[in-house]
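Peer 1: My structure is stored as entry_17.txt, with compact mmCIF, C-alpha atoms.
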```txt
# COMPACT_ATOMS: atom_id res chain seq x y z
CA MET D 1 0.00 0.00 0.00
CA ARG D 2 1.45 3.33 -1.06
CA THR D 3 2.28 5.90 1.55
CA PRO D 4 1.10 9.31 0.35
CA SER D 5 3.75 11.90 -0.24
CA LEU D 6 3.40 15.37 1.15
CA ALA D 7 2.19 18.20 -1.05
CA ARG D 8 4.73 20.86 -1.94
CA GLY D 9 3.38 23.37 0.57
CA GLU D 10 3.57 20.82 3.39
CA ARG D 11 7.14 19.81 2.59
CA LYS D 12 8.28 23.41 2.85
CA GLY D 13 6.39 24.09 6.05
CA ARG D 14 3.80 26.32 4.46
CA ARG D 15 0.08 26.16 4.98
CA PRO D 16 -1.54 23.95 2.31
CA ARG D 17 -3.38 25.86 -0.37
CA ARG D 18 -7.13 25.90 -0.09
CA CYS D 19 -9.62 25.73 -2.90
CA GLN D 20 -12.23 28.47 -2.57
CA GLY D 21 -15.86 27.65 -3.29
CA GLY D 22 -15.67 23.85 -3.06
CA PRO D 23 -18.01 21.75 -0.93
CA ALA D 24 -15.21 21.25 1.59
CA PRO D 25 -11.58 22.29 2.10
CA ILE D 26 -9.18 20.42 -0.16
CA GLN D 27 -5.98 19.83 1.73
CA GLY D 28 -2.49 19.47 0.32
CA ILE D 29 -3.21 20.68 -3.21
CA ARG D 30 -0.34 22.00 -5.27
CA ALA D 31 -1.42 24.31 -8.10
CA ASP D 32 0.40 24.95 -11.31
CA PHE D 33 -1.09 26.28 -14.49
CA GLN D 34 -1.64 22.98 -16.25
CA ARG D 35 -2.42 20.43 -13.60
CA PHE D 36 -3.19 20.15 -9.91
CA MET D 37 -1.86 17.27 -7.89
CA CYS D 38 -2.77 16.05 -4.43
CA MET D 39 -2.65 12.82 -2.41
CA PRO D 40 -3.57 9.17 -3.15
CA PHE D 41 -6.88 7.81 -4.55
CA PHE D 42 -8.97 8.32 -7.72
CA VAL D 43 -9.77 10.41 -10.87
CA LEU D 44 -12.99 12.24 -11.63
CA GLU D 45 -13.33 13.50 -15.17
CA ASN D 46 -15.72 15.93 -16.92
CA VAL D 47 -16.26 19.63 -17.38
CA THR D 48 -14.00 22.69 -17.22
CA THR D 49 -13.98 25.66 -14.91
CA SER D 50 -11.73 28.15 -13.20
CA ALA D 51 -10.75 27.40 -9.62
CA THR D 52 -8.98 29.97 -7.46
CA TYR D 53 -6.25 28.67 -5.16
CA TRP D 54 -4.97 30.78 -2.30
CA SER D 55 -1.52 30.34 -0.83
CA GLU D 56 0.34 31.87 2.08
CA GLY D 57 1.70 35.31 1.28
CA ALA D 58 -0.28 35.75 -1.93
CA GLU D 59 -2.36 38.88 -2.27
CA GLY D 60 -4.74 37.19 -4.69
CA GLY D 61 -5.30 33.69 -5.92
CA GLU D 62 -3.96 31.67 -8.78
CA THR D 63 -6.83 31.12 -11.19
CA VAL D 64 -6.42 28.02 -13.30
CA THR D 65 -8.75 26.40 -15.80
CA ALA D 66 -8.50 22.65 -15.48
CA ARG D 67 -10.48 19.60 -16.48
CA GLY D 68 -9.73 16.95 -13.94
CA SER D 69 -9.48 16.85 -10.20
CA ARG D 70 -8.30 13.85 -8.30
CA ILE D 71 -9.85 12.59 -5.14
CA CYS D 72 -7.17 11.00 -3.03
CA PHE D 73 -7.35 8.81 0.03
CA PRO D 74 -4.25 8.67 2.23
CA GLN D 75 -3.18 5.04 2.57
CA GLY D 76 -5.86 4.15 0.04
CA PRO D 77 -6.67 4.32 -3.68
CA LEU D 78 -5.82 7.54 -5.56
CA SER D 79 -8.16 9.17 -8.13
CA SER D 80 -8.59 12.24 -10.38
CA CYS D 81 -11.40 14.27 -12.00
CA GLN D 82 -12.09 17.58 -13.76
CA GLY D 83 -11.95 20.92 -12.02
CA SER D 84 -15.23 22.49 -13.09
CA PRO D 85 -18.13 22.94 -10.69
CA LEU D 86 -19.87 19.95 -12.30
CA ALA D 87 -16.79 17.75 -12.16
CA LEU D 88 -16.19 18.72 -8.55
CA ALA D 89 -19.82 17.95 -7.71
CA GLN D 90 -19.32 14.49 -9.17
CA ALA D 91 -16.07 14.10 -7.27
CA TYR D 92 -17.74 14.91 -4.00
CA GLU D 93 -20.59 12.55 -4.82
CA ALA D 94 -18.04 9.76 -5.26
CA LYS D 95 -16.29 10.77 -2.05
CA ARG D 96 -19.59 10.75 -0.16
CA ARG D 97 -20.57 7.30 -1.38
CA LEU D 98 -17.17 5.83 -0.55
CA GLY D 99 -17.30 7.34 2.92
CA GLU D 100 -20.79 5.93 3.52
CA LYS D 101 -19.75 2.46 2.41
CA PHE D 102 -16.31 2.30 4.02
CA PRO D 103 -15.88 3.88 7.47
CA GLU D 104 -12.14 4.31 7.01
CA LEU D 105 -12.85 6.68 4.12
CA ALA D 106 -15.53 8.68 5.93
CA PRO D 107 -13.40 11.37 7.64
CA ASP D 108 -13.25 14.53 5.57
CA GLU D 109 -9.47 14.57 5.69
CA ALA D 110 -9.37 11.03 4.26
CA VAL D 111 -10.28 12.26 0.78
CA GLU D 112 -8.57 14.95 -1.26
CA ILE D 113 -9.15 16.17 -4.81
CA ARG D 114 -6.65 16.55 -7.66
CA ILE D 115 -7.20 18.46 -10.88
CA ILE D 116 -5.86 17.60 -14.33
CA SER D 117 -6.21 19.83 -17.36
CA THR D 118 -7.05 18.05 -20.62
CA THR D 119 -6.66 19.05 -24.25
CA GLY D 120 -10.43 19.16 -24.68
CA ASP D 121 -10.72 21.81 -22.01
CA GLN D 122 -7.84 23.91 -23.26
CA ARG D 123 -9.20 24.27 -26.82
CA LEU D 124 -12.65 25.66 -26.12
CA GLU D 125 -12.68 27.76 -29.27
CA ILE D 126 -12.80 24.66 -31.48
CA SER D 127 -15.61 22.12 -31.77
CA LEU D 128 -14.92 18.61 -30.51
CA SER D 129 -15.36 17.16 -33.98
CA GLU D 130 -12.39 19.22 -35.22
CA ILE D 131 -9.89 18.31 -32.53
CA GLY D 132 -10.30 14.59 -32.15
CA GLY D 133 -13.43 13.74 -30.20
CA LYS D 134 -13.94 11.96 -26.92
CA GLY D 135 -10.34 10.96 -26.15
CA LEU D 136 -9.45 14.61 -25.64
CA PHE D 137 -11.12 14.45 -22.24
CA THR D 138 -9.37 11.31 -21.02
CA ARG D 139 -5.84 11.19 -22.43
CA GLU D 140 -4.13 12.91 -19.53
CA LEU D 141 -6.16 10.85 -17.08
CA ASP D 142 -5.22 7.65 -18.90
CA VAL D 143 -1.56 8.55 -18.51
CA ALA D 144 -2.01 9.09 -14.78
CA LEU D 145 -3.82 5.76 -14.39
CA ALA D 146 -1.37 3.75 -16.51
CA SER D 147 1.65 5.21 -14.71
CA LYS D 148 0.04 4.45 -11.32
CA GLU D 149 -0.04 8.09 -10.32
CA VAL D 150 -3.69 7.46 -9.46
CA ASP D 151 -5.60 4.32 -8.55
CA PHE D 152 -8.80 5.06 -10.39
CA CYS D 153 -10.61 7.70 -12.44
CA VAL D 154 -14.15 8.99 -12.01
CA HIS D 155 -15.66 9.82 -15.39
CA SER D 156 -18.67 11.37 -16.97
CA THR D 157 -19.12 8.18 -18.96
CA LYS D 158 -20.37 9.92 -22.10
CA ASP D 159 -16.84 11.34 -22.52
CA VAL D 160 -15.11 7.96 -22.31
CA PRO D 161 -14.03 6.29 -25.58
CA THR D 162 -15.32 2.75 -26.16
CA ASP D 163 -11.71 1.53 -26.43
CA LEU D 164 -10.09 1.85 -23.02
CA ILE D 165 -6.36 1.81 -22.51
CA PRO D 166 -5.00 -1.75 -22.03
CA ASP D 167 -5.44 -3.51 -18.71
CA THR D 168 -8.08 -1.11 -17.42
CA GLU D 169 -11.85 -1.38 -17.08
CA LEU D 170 -14.96 0.58 -16.18
CA CYS D 171 -15.65 -1.36 -13.00
CA THR D 172 -18.42 0.73 -11.44
CA MET D 173 -21.43 2.80 -12.52
CA LEU D 174 -23.14 4.93 -9.91
CA PRO D 175 -26.96 5.14 -9.98
CA ARG D 176 -27.82 7.11 -13.07
CA GLU D 177 -29.21 10.63 -13.03
CA ASP D 178 -31.96 11.86 -15.35
CA THR D 179 -30.55 11.24 -18.84
CA ARG D 180 -32.61 13.79 -20.75
CA ASP D 181 -31.41 17.03 -22.34
CA CYS D 182 -32.97 20.31 -21.34
CA PHE D 183 -33.78 23.27 -23.58
CA ILE D 184 -32.75 26.69 -22.30
CA SER D 185 -34.16 29.66 -24.16
CA GLY D 186 -33.46 33.36 -23.98
CA ASN D 187 -37.06 33.95 -25.09
CA PRO D 188 -39.69 32.94 -22.53
CA ASP D 189 -42.20 32.38 -25.36
CA CYS D 190 -40.02 29.61 -26.82
CA THR D 191 -40.23 26.47 -24.70
CA ARG D 192 -39.30 23.91 -27.39
CA ILE D 193 -36.94 23.77 -30.34
CA ALA D 194 -39.95 23.91 -32.67
CA ASP D 195 -40.98 27.25 -31.13
CA LEU D 196 -37.82 29.07 -32.24
CA PRO D 197 -38.26 31.50 -35.17
CA ASP D 198 -36.52 30.63 -38.43
CA GLY D 199 -32.89 31.65 -38.42
CA SER D 200 -32.49 31.49 -34.65
CA VAL D 201 -29.00 30.71 -33.32
CA ILE D 202 -28.53 27.74 -30.98
CA GLY D 203 -25.31 27.23 -29.07
CA THR D 204 -24.07 23.64 -29.10
CA ALA D 205 -20.80 21.86 -29.85
CA SER D 206 -22.57 18.49 -30.08
CA LEU D 207 -23.12 16.95 -33.51
CA ARG D 208 -25.76 14.71 -31.94
CA ARG D 209 -27.80 17.69 -30.83
CA GLN D 210 -27.06 19.62 -34.02
CA SER D 211 -28.40 16.88 -36.29
CA GLN D 212 -31.61 16.49 -34.28
CA ILE D 213 -32.11 20.28 -34.16
CA TYR D 214 -31.75 20.58 -37.94
CA SER D 215 -34.20 17.71 -38.43
CA VAL D 216 -36.82 19.87 -36.65
CA ASN D 217 -36.02 23.12 -38.50
CA PRO D 218 -33.19 23.31 -41.07
CA THR D 219 -33.25 27.13 -41.00
CA LEU D 220 -31.87 27.21 -37.46
CA ARG D 221 -28.14 27.80 -37.05
CA CYS D 222 -25.95 25.89 -34.62
CA VAL D 223 -22.71 27.53 -33.45
CA ASN D 224 -19.84 26.24 -31.35
CA PHE D 225 -20.72 26.73 -27.70
CA ARG D 226 -18.31 25.13 -25.26
CA GLY D 227 -17.22 25.81 -21.71
CA ASN D 228 -18.68 24.96 -18.34
CA VAL D 229 -22.36 25.32 -17.51
CA GLN D 230 -21.95 28.75 -15.92
CA THR D 231 -20.08 30.05 -18.96
CA ARG D 232 -22.77 28.83 -21.36
CA LEU D 233 -25.56 30.36 -19.30
CA ARG D 234 -23.68 33.65 -19.16
CA LYS D 235 -23.25 33.66 -22.95
CA LEU D 236 -26.95 32.92 -23.40
CA LYS D 237 -27.92 35.75 -21.06
CA GLY D 238 -25.55 38.05 -22.92
CA GLY D 239 -27.35 37.39 -26.18
CA ASP D 240 -24.58 35.42 -27.92
CA VAL D 241 -27.20 32.82 -28.88
CA ASP D 242 -30.98 32.51 -28.76
CA ALA D 243 -31.01 29.13 -27.01
CA THR D 244 -28.84 26.23 -25.92
CA LEU D 245 -29.18 22.64 -24.74
CA LEU D 246 -27.55 21.03 -21.72
CA ALA D 247 -27.66 17.67 -20.01
CA TYR D 248 -30.34 17.90 -17.33
CA ALA D 249 -28.22 15.65 -15.09
CA GLY D 250 -25.53 18.32 -14.84
CA LEU D 251 -27.99 21.00 -13.78
CA LYS D 252 -29.48 18.66 -11.17
CA ARG D 253 -26.09 17.79 -9.70
CA MET D 254 -25.33 21.49 -9.28
CA ASP D 255 -28.85 22.41 -8.08
CA MET D 256 -29.37 24.67 -11.10
CA THR D 257 -32.54 23.18 -12.62
CA GLN D 258 -34.27 26.57 -12.40
CA HIS D 259 -32.40 27.53 -15.57
CA ALA D 260 -34.08 24.82 -17.68
CA THR D 261 -36.88 26.18 -19.86
CA SER D 262 -38.09 22.64 -20.55
CA VAL D 263 -36.88 19.05 -20.35
CA LEU D 264 -36.87 17.23 -23.69
CA GLU D 265 -38.24 13.70 -23.93
CA TRP D 266 -36.39 11.04 -25.91
CA ASP D 267 -38.66 11.41 -28.95
CA GLU D 268 -37.68 15.07 -29.26
CA MET D 269 -33.97 14.84 -28.41
CA LEU D 270 -32.46 11.39 -27.90
CA PRO D 271 -29.64 11.77 -25.35
CA ALA D 272 -25.98 10.87 -25.76
CA ILE D 273 -24.62 7.43 -25.11
CA ALA D 274 -24.05 7.03 -21.34
CA GLN D 275 -25.41 10.51 -20.54
CA GLY D 276 -26.07 11.02 -16.83
CA ALA D 277 -23.83 8.12 -15.77
CA ILE D 278 -20.77 8.49 -13.55
CA SER D 279 -18.29 5.62 -13.85
CA PHE D 280 -15.05 4.57 -12.22
CA GLN D 281 -12.10 3.30 -14.26
CA CYS D 282 -9.26 1.38 -12.65
CA ARG D 283 -6.52 -1.09 -13.46
CA SER D 284 -7.92 -4.58 -13.92
CA ASP D 285 -5.26 -6.21 -11.76
CA ASP D 286 -5.68 -3.88 -8.79
CA GLN D 287 -7.85 -6.04 -6.56
CA ARG D 288 -7.52 -3.71 -3.59
CA VAL D 289 -9.12 -0.84 -5.50
CA LEU D 290 -11.69 -3.10 -7.14
CA ASP D 291 -12.82 -4.23 -3.69
CA TYR D 292 -13.56 -0.61 -2.82
CA LEU D 293 -15.28 0.32 -6.06
CA ARG D 294 -17.38 -2.63 -7.17
CA PRO D 295 -19.74 -2.55 -4.16
CA LEU D 296 -20.80 0.96 -5.24
CA SER D 297 -21.98 -0.12 -8.69
CA HIS D 298 -25.66 0.08 -9.66
CA GLU D 299 -26.60 -3.00 -11.68
CA GLN D 300 -29.33 -1.52 -13.88
CA THR D 301 -27.22 1.52 -14.75
CA PHE D 302 -24.29 -0.77 -15.59
CA GLN D 303 -26.49 -2.90 -17.86
CA SER D 304 -28.01 0.10 -19.63
CA VAL D 305 -24.70 1.86 -20.23
CA THR D 306 -23.07 -1.39 -21.36
CA CYS D 307 -25.78 -1.75 -24.01
CA GLU D 308 -25.37 1.85 -25.18
CA ARG D 309 -21.58 1.63 -25.41
CA ALA D 310 -21.85 -1.62 -27.39
CA PHE D 311 -24.11 0.20 -29.86
CA LEU D 312 -21.58 3.03 -30.12
CA ALA D 313 -18.69 0.61 -30.61
CA ALA D 314 -20.53 -1.20 -33.41
CA LEU D 315 -20.83 2.14 -35.22
CA ASP D 316 -17.26 3.16 -34.42
CA GLY D 317 -18.71 6.31 -32.94
CA ASN D 318 -16.98 9.37 -31.52
CA CYS D 319 -17.56 13.10 -31.35
CA LYS D 320 -17.28 13.23 -35.15
CA THR D 321 -20.40 11.11 -35.52
CA PRO D 322 -23.99 12.18 -34.70
CA ILE D 323 -24.99 9.10 -32.69
CA ALA D 324 -27.50 8.89 -29.84
CA GLY D 325 -28.68 5.96 -27.79
CA GLN D 326 -30.46 5.22 -24.53
CA ALA D 327 -31.33 2.04 -22.69
CA ARG D 328 -33.29 1.42 -19.50
CA VAL D 329 -34.46 -1.61 -17.56
CA GLU D 330 -38.23 -1.83 -17.06
CA ASP D 331 -40.13 -4.82 -15.65
CA GLY D 332 -37.12 -7.04 -16.09
CA GLN D 333 -36.61 -6.07 -19.75
CA LEU D 334 -33.84 -3.93 -21.21
CA LEU D 335 -35.32 -1.43 -23.70
CA PHE D 336 -33.03 0.38 -26.14
CA LYS D 337 -33.47 3.23 -28.63
CA GLY D 338 -30.69 4.43 -30.91
CA LEU D 339 -30.09 6.64 -33.91
CA VAL D 340 -27.36 7.80 -36.26
CA ALA D 341 -27.80 10.90 -38.39
CA SER D 342 -26.12 13.11 -40.94
CA PRO D 343 -24.85 16.37 -39.42
CA ASP D 344 -27.49 18.36 -41.32
CA GLY D 345 -30.28 16.19 -39.87
CA GLN D 346 -31.68 15.26 -43.27
CA LYS D 347 -30.90 11.57 -42.87
CA ILE D 348 -31.72 9.80 -39.61
CA PHE D 349 -31.65 6.04 -39.07
CA ARG D 350 -33.42 4.79 -35.94
CA VAL D 351 -33.49 1.41 -34.21
CA GLU D 352 -35.21 -0.12 -31.18
CA ARG D 353 -34.45 -3.33 -29.31
CA ALA D 354 -35.69 -5.20 -26.24
CA GLY D 355 -34.29 -8.19 -24.40
CA SER D 356 -32.83 -9.57 -21.22
CA PRO D 357 -30.54 -7.20 -19.27
CA SER D 358 -28.00 -10.01 -19.11
CA ASP D 359 -27.67 -9.71 -22.89
CA ALA D 360 -26.93 -5.97 -22.79
CA THR D 361 -23.78 -6.16 -24.92
CA GLU D 362 -25.41 -8.32 -27.59
CA ILE D 363 -28.51 -6.08 -27.75
CA GLY D 364 -26.43 -2.97 -28.30
CA ARG D 365 -24.10 -4.63 -30.79
CA ASP D 366 -27.00 -6.07 -32.84
CA ALA D 367 -28.76 -2.68 -32.90
CA GLY D 368 -25.59 -1.05 -34.16
CA ALA D 369 -25.14 -3.68 -36.86
CA GLU D 370 -28.73 -3.13 -38.05
CA VAL D 371 -28.27 0.63 -38.34
CA ARG D 372 -24.92 0.21 -40.06
CA LYS D 373 -26.46 -2.14 -42.62
CA GLU D 374 -29.45 0.14 -43.24
CA ALA D 375 -27.36 3.28 -43.64
CA GLY D 376 -24.63 1.61 -45.68
CA GLU D 377 -20.89 2.02 -45.36
CA LYS D 378 -20.80 4.87 -47.85
CA PHE D 379 -23.02 6.92 -45.54
CA PHE D 380 -20.41 6.69 -42.78
CA GLU D 381 -17.52 7.40 -45.16
CA ASP D 382 -19.27 10.44 -46.63
CA MET D 383 -20.24 11.69 -43.20
CA GLN D 384 -16.64 11.63 -41.96
CA ASP D 385 -15.46 13.44 -45.09
CA TYR D 386 -18.20 15.99 -44.62
CA VAL D 387 -17.34 16.66 -40.99
CA GLN D 388 -13.71 17.27 -41.88
CA GLU D 389 -14.68 19.78 -44.58
CA VAL D 390 -17.23 21.69 -42.51
CA GLN D 391 -16.45 23.08 -39.08
CA ALA D 392 -19.20 20.84 -37.84
CA ALA D 393 -20.55 22.45 -34.72
CA ASN D 394 -19.49 26.00 -35.62
CA THR D 395 -21.62 26.76 -38.68
CA LYS D 396 -24.79 25.48 -40.27
CA PRO D 397 -24.03 22.75 -42.84
CA THR D 398 -24.32 23.76 -46.46
CA LYS D 399 -24.54 20.31 -47.95
CA ALA D 400 -25.63 16.83 -46.96
CA PRO D 401 -23.59 13.65 -47.31
CA ALA D 402 -24.25 11.63 -50.44
CA SER D 403 -26.98 9.01 -50.39
CA ALA D 404 -26.05 5.56 -49.22
```
Rewrite the coordinates I just gave you, this time as C-alpha cells.
Peer 2:
Amino acid sequence: MRTPSLARGERKGRRPRRCQGGPAPIQGIRADFQRFMCMPFFVLENVTTSATYWSEGAEGGETVTARGSRICFPQGPLSSCQGSPLALAQAYEAKRRLGEKFPELAPDEAVEIRIISTTGDQRLEISLSEIGGKGLFTRELDVALASKEVDFCVHSTKDVPTDLIPDTELCTMLPREDTRDCFISGNPDCTRIADLPDGSVIGTASLRRQSQIYSVNPTLRCVNFRGNVQTRLRKLKGGDVDATLLAYAGLKRMDMTQHATSVLEWDEMLPAIAQGAISFQCRSDDQRVLDYLRPLSHEQTFQSVTCERAFLAALDGNCKTPIAGQARVEDGQLLFKGLVASPDGQKIFRVERAGSPSDATEIGRDAGAEVRKEAGEKFFEDMQDYVQEVQAANTKPTKAPASA
C-alpha cells in the first residue's frame, strides 16, 4: 500500500493551499497552471472551470482552468477528476458514497481532490469534432492511471471512448441521473426547439444535438458553444445565442434546474450514449481498489450503459459522428433506442431493441449492426469526409452527405 507523499506546501512548512468555493476544504493541493496534484486515490473526469487557489503570502489567488481533479485517500486508492463545478460535484458525490460504504474513508481529511487539465478543455474555441473527439477528455487521465499516479478515475461516462487503454476497465457505474437534455431559451415564449423562429441561433458543440435540431427546422443555425455550464448560461444571457441545450443531469447535480426552460423527452432529443452516468475506471489487476469500487456499482445503470456503449462501438462512434442511444431496464426487460444521423439532420436512421438485461452487450451490438447495414458504409464514409470539410458544430451545414 502506497504511503502518500506530502504536497509541496507541506514539505516546505507552508500552509496547504485551499480551494475556494468547493463543498469542503481540499488539503495538500499544489497548483500549477496545467495540472493540480494532491494525495492518493482516484480520478474524476468531466467539465471545465476556473478554480482559485490561495496560498500563504499571496495577495490574490492563482486562477487556473482545469479539467480533472483527483480525489485521493491517504493510505488508500488515488483518483482524479475535472476541475469544473460539475466535475467537482461528481467528485464529491463519489467521495460521499465511498465514505458511507467504508468507514475508514468517511473522515473529511481522508479524501482529497486533484485536478488535471485536458486538451479538450484547453481548446474551447474549437468544436470537438475538429480536434479529435472523446479521447481529448481522457488522455491525460489515462496517462495518470497507466503510470500508477492514481488508482482510479471517475468519469462522466459519455466522454469515455469505447476503447479503453490496455489492462483497465470501467468497474463501477453509480446510480444514473436523469438522462434527458434540457432546452434553455433566452425567449420565454419559446419552450421547445420547434418554437424558435426561423434563423435562430442555438449554441451547441454536439453533432448529436445539431443533427436532431436541424431535423426539426433546417433554418436554425448551430454555433460552437463550449465551456462549463456557468459560462454557457452567461453567454446565453448576454445574447450570444438565442437558445442552448444542456444535459439535465448536470444541472441537477449542481442544483441549477431553475435555468431549464423545458426538459426534452427522448422522442424530441435522444440523449448521448451514457449521458447522466458516472463511472469509475481502474486497473484490472488492482484487486484492492476493485474491492472498494465494485460494491458501489448500480446493476441496472451498468447494464443500460453497457448496451449503449456496445451500440456506439458497433458504429465506431466518436464526437465526429452524430450518434445517440439510450437504454433502460423496465419490468425485467432492457429497452433500447438508438439513432445515427447526418450532421445536417436530413438523414436519420433509428433502431429499437428489447431483451434480457444479461444480454446488454449483444442487444447494443446487434442494434448497431442493423443501423450500419441500413445506412450503408458509404453513408459513414461520406459523413466523416463531410465533418472534416465543414467546421461541424461551428456553422450550419451547407450540404448533406451523399446518399447511401
Peer 1: Could you tell me which of D:Arg114, D:Asp198, D:Ser356, D:Tyr292 comes closest to Phe280 in chain D if we count all atoms listed in the file?
Peer 2: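 The closest residue to Phe280 in chain D is D:Tyr292.
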Peer 1: Thr162 in chain D: which residues within 8 Å, counting only C-alpha atoms, same-chain residues fewer than 3 positions away excluded, as a ChimeraX atom specification?
Peer 2: /D:309-310,312-313
Peer 1: Would you write out those residues with C-alpha atoms, as a PDB file, in the frame of the given file?
Peer 2:
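Saved file part.pdb follows:
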```
ATOM      1  CA  ARG D 309     -21.580   1.630 -25.410  1.00  0.00           C
ATOM      2  CA  ALA D 310     -21.850  -1.620 -27.390  1.00  0.00           C
ATOM      3  CA  LEU D 312     -21.580   3.030 -30.120  1.00  0.00           C
ATOM      4  CA  ALA D 313     -18.690   0.610 -30.610  1.00  0.00           C
TER       5      ALA D 313
END
```
Peer 1: By how many Å are CA of His155 in chain D and CA of His298 in chain D apart?
Peer 2: 15.1 Å
Peer 1: From the options D:Asp255, D:Glu308, D:Asp344, D:Asp286, which residue's atoms come nearest to Arg209 in chain D, counting only C-alpha atoms?
Peer 2: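 Distance minimum relative to Arg209 in chain D lands on D:Asp344.
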Peer 1: Fewer than 3 positions away in the same chain doesn't count, so skip those; otherwise give me all residues within 12 Å of Cys171 in chain D, counting only C-alpha atoms, as a ChimeraX atom specification.
Peer 2: /D:152-155,157,164,167-168,174,278-287,289-299,302-303,306
Peer 1: Take the residues from that selection and put them in a file with C-alpha atoms, as a compact mmCIF listing (two decimals), in the coordinates of the input.
Peer 2:
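Okay, out.txt is ready:
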```txt
# COMPACT_ATOMS: atom_id res chain seq x y z
CA PHE D 152 -8.80 5.06 -10.39
CA CYS D 153 -10.61 7.70 -12.44
CA VAL D 154 -14.15 8.99 -12.01
CA HIS D 155 -15.66 9.82 -15.39
CA THR D 157 -19.12 8.18 -18.96
CA LEU D 164 -10.09 1.85 -23.02
CA ASP D 167 -5.44 -3.51 -18.71
CA THR D 168 -8.08 -1.11 -17.42
CA LEU D 174 -23.14 4.93 -9.91
CA ILE D 278 -20.77 8.49 -13.55
CA SER D 279 -18.29 5.62 -13.85
CA PHE D 280 -15.05 4.57 -12.22
CA GLN D 281 -12.10 3.30 -14.26
CA CYS D 282 -9.26 1.38 -12.65
CA ARG D 283 -6.52 -1.09 -13.46
CA SER D 284 -7.92 -4.58 -13.92
CA ASP D 285 -5.26 -6.21 -11.76
CA ASP D 286 -5.68 -3.88 -8.79
CA GLN D 287 -7.85 -6.04 -6.56
CA VAL D 289 -9.12 -0.84 -5.50
CA LEU D 290 -11.69 -3.10 -7.14
CA ASP D 291 -12.82 -4.23 -3.69
CA TYR D 292 -13.56 -0.61 -2.82
CA LEU D 293 -15.28 0.32 -6.06
CA ARG D 294 -17.38 -2.63 -7.17
CA PRO D 295 -19.74 -2.55 -4.16
CA LEU D 296 -20.80 0.96 -5.24
CA SER D 297 -21.98 -0.12 -8.69
CA HIS D 298 -25.66 0.08 -9.66
CA GLU D 299 -26.60 -3.00 -11.68
CA PHE D 302 -24.29 -0.77 -15.59
CA GLN D 303 -26.49 -2.90 -17.86
CA THR D 306 -23.07 -1.39 -21.36
```
Peer 1: Here is a test: counting only C-alpha atoms, which residue of D:Gln326, D:Thr301, D:Ser215, D:Thr204 is nearest to Leu236 in chain D?
Peer 2: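 Between D:Gln326, D:Thr301, D:Ser215, D:Thr204, the residue approaching Leu236 in chain D most closely is D:Thr204.
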Peer 1: Kindly provide, as JSON, numbers by chain, the polymer residues lying within 12 Å of (-26.5, 18.2, -17.9), counting all atoms listed in the file and using the coordinates exactly as they appear in the file.
Peer 2: {"D": [46, 47, 86, 87, 90, 156, 158, 177, 178, 179, 180, 181, 182, 183, 184, 228, 229, 230, 232, 244, 245, 246, 247, 248, 249, 250, 251, 252, 253, 254, 255, 256, 257, 259, 260, 263, 264, 271, 272, 274, 275, 276, 277]}
Peer 1: Pull the neighbourhood of (-33.0, -0.8, -22.1) for me: all residues within 10 Å in file coordinates, counting only C-alpha atoms, as a list in words.
Peer 2: Gln300, Thr301, Gln303, Ser304, Val305, Thr306, Cys307, Glu308, Gly325, Gln326, Ala327, Arg328, Val329, Glu330, Gly332, Gln333, Leu334, Leu335, Phe336, Lys337, Glu352, Arg353, Ala354, Gly355, Ser356, Pro357, Ala360, Ile363 and Gly364 of chain D
Peer 1: Could you jot down the CA of Arg234 in chain D to CA of Ser206 in chain D separation for me, Å, one decimal place?
Peer 2: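 Interatomic distance here is 18.7 Å.
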Peer 1: Work out how far apart CA of Val351 in chain D and CA of Gln384 in chain D are and give it in Å to one decimal.
Peer 2: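 Computed distance, CA of Val351 in chain D to CA of Gln384 in chain D, equals 21.2 Å.
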Peer 1: Residues within 12 Å of Asp240 in chain D, please, as a list in words. Count all atoms listed in the file; anything in the same chain fewer than 6 positions from it doesn't count.
Peer 2: Ser185, Gly186, Ser200, Val201, Ile202, Gly203, Thr204, Cys222, Val223, Asn224, Phe225, Thr231, Arg232, Leu233 and Arg234 of chain D
Peer 1: Store the residues picked out above, limited to C-alpha atoms, as a PDB file, keeping the file's coordinate frame.
Peer 2:
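As a result, part_7.pdb now contains:
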```pdb
ATOM      1  CA  SER D 185     -34.160  29.660 -24.160  1.00  0.00           C
ATOM      2  CA  GLY D 186     -33.460  33.360 -23.980  1.00  0.00           C
ATOM      3  CA  SER D 200     -32.490  31.490 -34.650  1.00  0.00           C
ATOM      4  CA  VAL D 201     -29.000  30.710 -33.320  1.00  0.00           C
ATOM      5  CA  ILE D 202     -28.530  27.740 -30.980  1.00  0.00           C
ATOM      6  CA  GLY D 203     -25.310  27.230 -29.070  1.00  0.00           C
ATOM      7  CA  THR D 204     -24.070  23.640 -29.100  1.00  0.00           C
ATOM      8  CA  CYS D 222     -25.950  25.890 -34.620  1.00  0.00           C
ATOM      9  CA  VAL D 223     -22.710  27.530 -33.450  1.00  0.00           C
ATOM     10  CA  ASN D 224     -19.840  26.240 -31.350  1.00  0.00           C
ATOM     11  CA  PHE D 225     -20.720  26.730 -27.700  1.00  0.00           C
ATOM     12  CA  THR D 231     -20.080  30.050 -18.960  1.00  0.00           C
ATOM     13  CA  ARG D 232     -22.770  28.830 -21.360  1.00  0.00           C
ATOM     14  CA  LEU D 233     -25.560  30.360 -19.300  1.00  0.00           C
ATOM     15  CA  ARG D 234     -23.680  33.650 -19.160  1.00  0.00           C
TER      16      ARG D 234
END
```
Peer 1: Of the candidates D:Gly239, D:Ser211, D:Arg226, D:Pro107, which one gets nearest to Val340 in chain D if we count only C-alpha atoms?
Peer 2: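 Comparing D:Gly239, D:Ser211, D:Arg226, D:Pro107 against Val340 in chain D, the winner is D:Ser211.
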Peer 1: So that I can see what lies close to Asp189 in chain D, please list as a ChimeraX atom specification the residues with an atom at most 12 Å from it, counting only C-alpha atoms and leaving out residues fewer than 6 positions away in the same chain.
Peer 2: /D:195-197,242-243,261-262
Peer 1: Take the residues from that selection and put them in a file with C-alpha atoms, as a PDB file, in the coordinates of the input.
Peer 2:
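Okay, this is what ended up in result.pdb:
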```pdb
ATOM      1  CA  ASP D 195     -40.980  27.250 -31.130  1.00  0.00           C
ATOM      2  CA  LEU D 196     -37.820  29.070 -32.240  1.00  0.00           C
ATOM      3  CA  PRO D 197     -38.260  31.500 -35.170  1.00  0.00           C
ATOM      4  CA  ASP D 242     -30.980  32.510 -28.760  1.00  0.00           C
ATOM      5  CA  ALA D 243     -31.010  29.130 -27.010  1.00  0.00           C
ATOM      6  CA  THR D 261     -36.880  26.180 -19.860  1.00  0.00           C
ATOM      7  CA  SER D 262     -38.090  22.640 -20.550  1.00  0.00           C
TER       8      SER D 262
END
```
